[in-house]
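Have a look at the structure below, then the notes.
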Amino acid sequence: MASVTHLRELGFELFELLPDAILAVDRQGVIQYANRQAGLLFGHDPATLVAASVETLIPEHLRERHIADRAKYDFEARIRPMGTGLDLVACRADGTTFPVDIMLSPLKHLAEPMVLAVVRDMTARQAAELLRRREVNHRAKNILSVVQVMVQQTKANSCEEYVSRLGERIRGLSASYDLLVKNEWQSASLAELVRGQLAHFGDLLDARIAMQGPDLTIKSAAAQAIGMALHELATNAAKYGALSTDTGHVAIMWGLKRAGDNRHRFTMEWSENGGPPVATPTRRGFGWRVLCQLTKMSLEADVTLEYPPTGVVWRLECPADRVRGGPRCAATNVTHQPQEALARSRGG
């Protein structure tokens, strides 16, 4: 059978190369081997760990329980993998505690049976998990705040109309969030965002709605603001504007331009043509707040919403760093570009 000396020799060649702390503990709870990483993790010289009680690596208030757990494990020793969900805590030489995950593997082939423990510091992972939970909580509160505003600001002449309008707005918001979730809330493709908000128009995307602009990746906050704006514009176009007739067209264009301070600015325009004659609304509702106030506050943008007789024109301009979320920016990637729609939007 293998001996403790052989284990040390094997550990010197193999275990010293591993990124995790490795301990070999006998049935009396005495450490018989500790690799270099164990010394670094627990703040001890590995040589001083050998012959020490494994309970010295456990917070004092948990040592009696650990002795009982160790005795129970020795009685029915088997491999215990990491990730079992146990709330495990270890103690450094200076008395500080930290979360760990531990894999246990019985070494029954030795002359003196021992348990091999692989100890992994979980501090960074738990911190990342806590941050993730806080981010999820923040996003949930943000979503609920937006929905609350929708509920309060949506106006209608009947209960049925109210439910319909509110449902449409929530579906538009959901389309933006679906795209962000797919990209782990980091960023989103602007072209995909536009297509997602207009997907319910189906064939009109090919025939009467034009998109033109560079293939930009935008930040999550920008995706939420622009997505809500596009939904309001599309809804109004379908009910009252260019998409409410068989002859109207919509052009959506965006891009980057260099400003006087040598910085880039992001521009976006929604323009309608060929629909019913347009008149300036007599009141400002939720749609106007989204198009003009929300985008302005979220993106530090200059926003205009005009109502020439030919069709609604919405323009947004803001610092590019408020929108751009990554290096992705191809020259031009037009997904749908009906030439007639573009020509009409330019007055052709």
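If you're wondering about the labels, chains in the structure tokens are A, B, ... by order shown, residues count from 1 in each chain, ligands from 1 in order shown.
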
Practice problem: Tell me, as a list in words, which residues lie within 6 Å of range 117-123 of chain A, counting only C-alpha atoms; anything in the same chain fewer than 4 positions away does not count. | Solution: Asp20, Ala21, Ile22, Leu23, Pro99, Val100, Asp101, Ile102, Met103 and Leu104 of chain A

Export of prior selection with C-alpha atoms as a PDB file, in the first residue's frame:
```pdb
ATOM      1  CA  ASP A  20      -6.587  24.866  -4.939  1.00  0.00           C
ATOM      2  CA  ALA A  21      -5.449  24.093  -1.402  1.00  0.00           C
ATOM      3  CA  ILE A  22      -4.838  20.363  -0.863  1.00  0.00           C
ATOM      4  CA  LEU A  23      -4.854  18.725   2.573  1.00  0.00           C
ATOM      5  CA  PRO A  99     -16.276  31.052   2.722  1.00  0.00           C
ATOM      6  CA  VAL A 100     -14.961  27.868   1.129  1.00  0.00           C
ATOM      7  CA  ASP A 101     -16.123  24.898  -0.879  1.00  0.00           C
ATOM      8  CA  ILE A 102     -14.488  21.548  -0.162  1.00  0.00           C
ATOM      9  CA  MET A 103     -14.265  18.300  -2.068  1.00  0.00           C
ATOM     10  CA  LEU A 104     -13.577  15.246   0.067  1.00  0.00           C
TER      11      LEU A 104
END
```

Self-check item: Exercise: Cys91 in chain A partners within 7 Å, only C-alpha atoms, chain neighbours under 5 positions left out, as a list in words
Solution: Phe42, Leu57, Ile58, Pro59, Thr96, Thr97 and Phe98 of chain A

Near-range 287-290 of chain A list (7 Å; only C-alpha atoms; drop same-chain fewer than 6 positions) as a PDB file with N, CA and C atoms, in the first residue's frame:
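Heads up, here's the output in selection.pdb:
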```pdb
ATOM      1  N   MET A 228     -38.279  51.978 -25.893  1.00  0.00           N
ATOM      2  CA  MET A 228     -39.582  52.542 -25.532  1.00  0.00           C
ATOM      3  C   MET A 228     -39.990  53.634 -26.513  1.00  0.00           C
ATOM      4  N   ALA A 229     -39.022  54.452 -26.946  1.00  0.00           N
ATOM      5  CA  ALA A 229     -39.331  55.512 -27.906  1.00  0.00           C
ATOM      6  C   ALA A 229     -39.801  54.918 -29.233  1.00  0.00           C
ATOM      7  N   GLU A 232     -43.396  53.686 -28.996  1.00  0.00           N
ATOM      8  CA  GLU A 232     -44.398  54.757 -29.046  1.00  0.00           C
ATOM      9  C   GLU A 232     -44.557  55.287 -30.468  1.00  0.00           C
TER      10      GLU A 232
END
```

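Reported to one decimal place, the separation of CA of Arg324 in chain A from CA of Ala222 in chain A is 8.3 Å.
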
Range 26-46 of chain A near range 74-80 of chain A within 10 Å: what's each residue's closest atom pair and its distance in Å to one decimal, counting only C-alpha atoms, ordered by chain then ascending residue number, as JSON lines?
```
{"residue": "A:Asp26", "atom": "CA", "partner": "A:Asp74", "partner_atom": "CA", "distance": 9.6}
{"residue": "A:Arg27", "atom": "CA", "partner": "A:Asp74", "partner_atom": "CA", "distance": 7.0}
{"residue": "A:Gln28", "atom": "CA", "partner": "A:Asp74", "partner_atom": "CA", "distance": 9.9}
```

Output file for the selection above: C-alpha atoms, as an mmCIF file, in the first residue's frame:
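Listed below is the output, out-v1.cif:
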```
data_model
loop_
_atom_site.group_PDB
_atom_site.id
_atom_site.type_symbol
_atom_site.label_atom_id
_atom_site.label_comp_id
_atom_site.auth_asym_id
_atom_site.auth_seq_id
_atom_site.Cartn_x
_atom_site.Cartn_y
_atom_site.Cartn_z
ATOM 1 C CA ASP A 26 -5.919 11.190 8.978
ATOM 2 C CA ARG A 27 -8.732 9.716 11.062
ATOM 3 C CA GLN A 28 -7.548 11.578 14.156
#
```
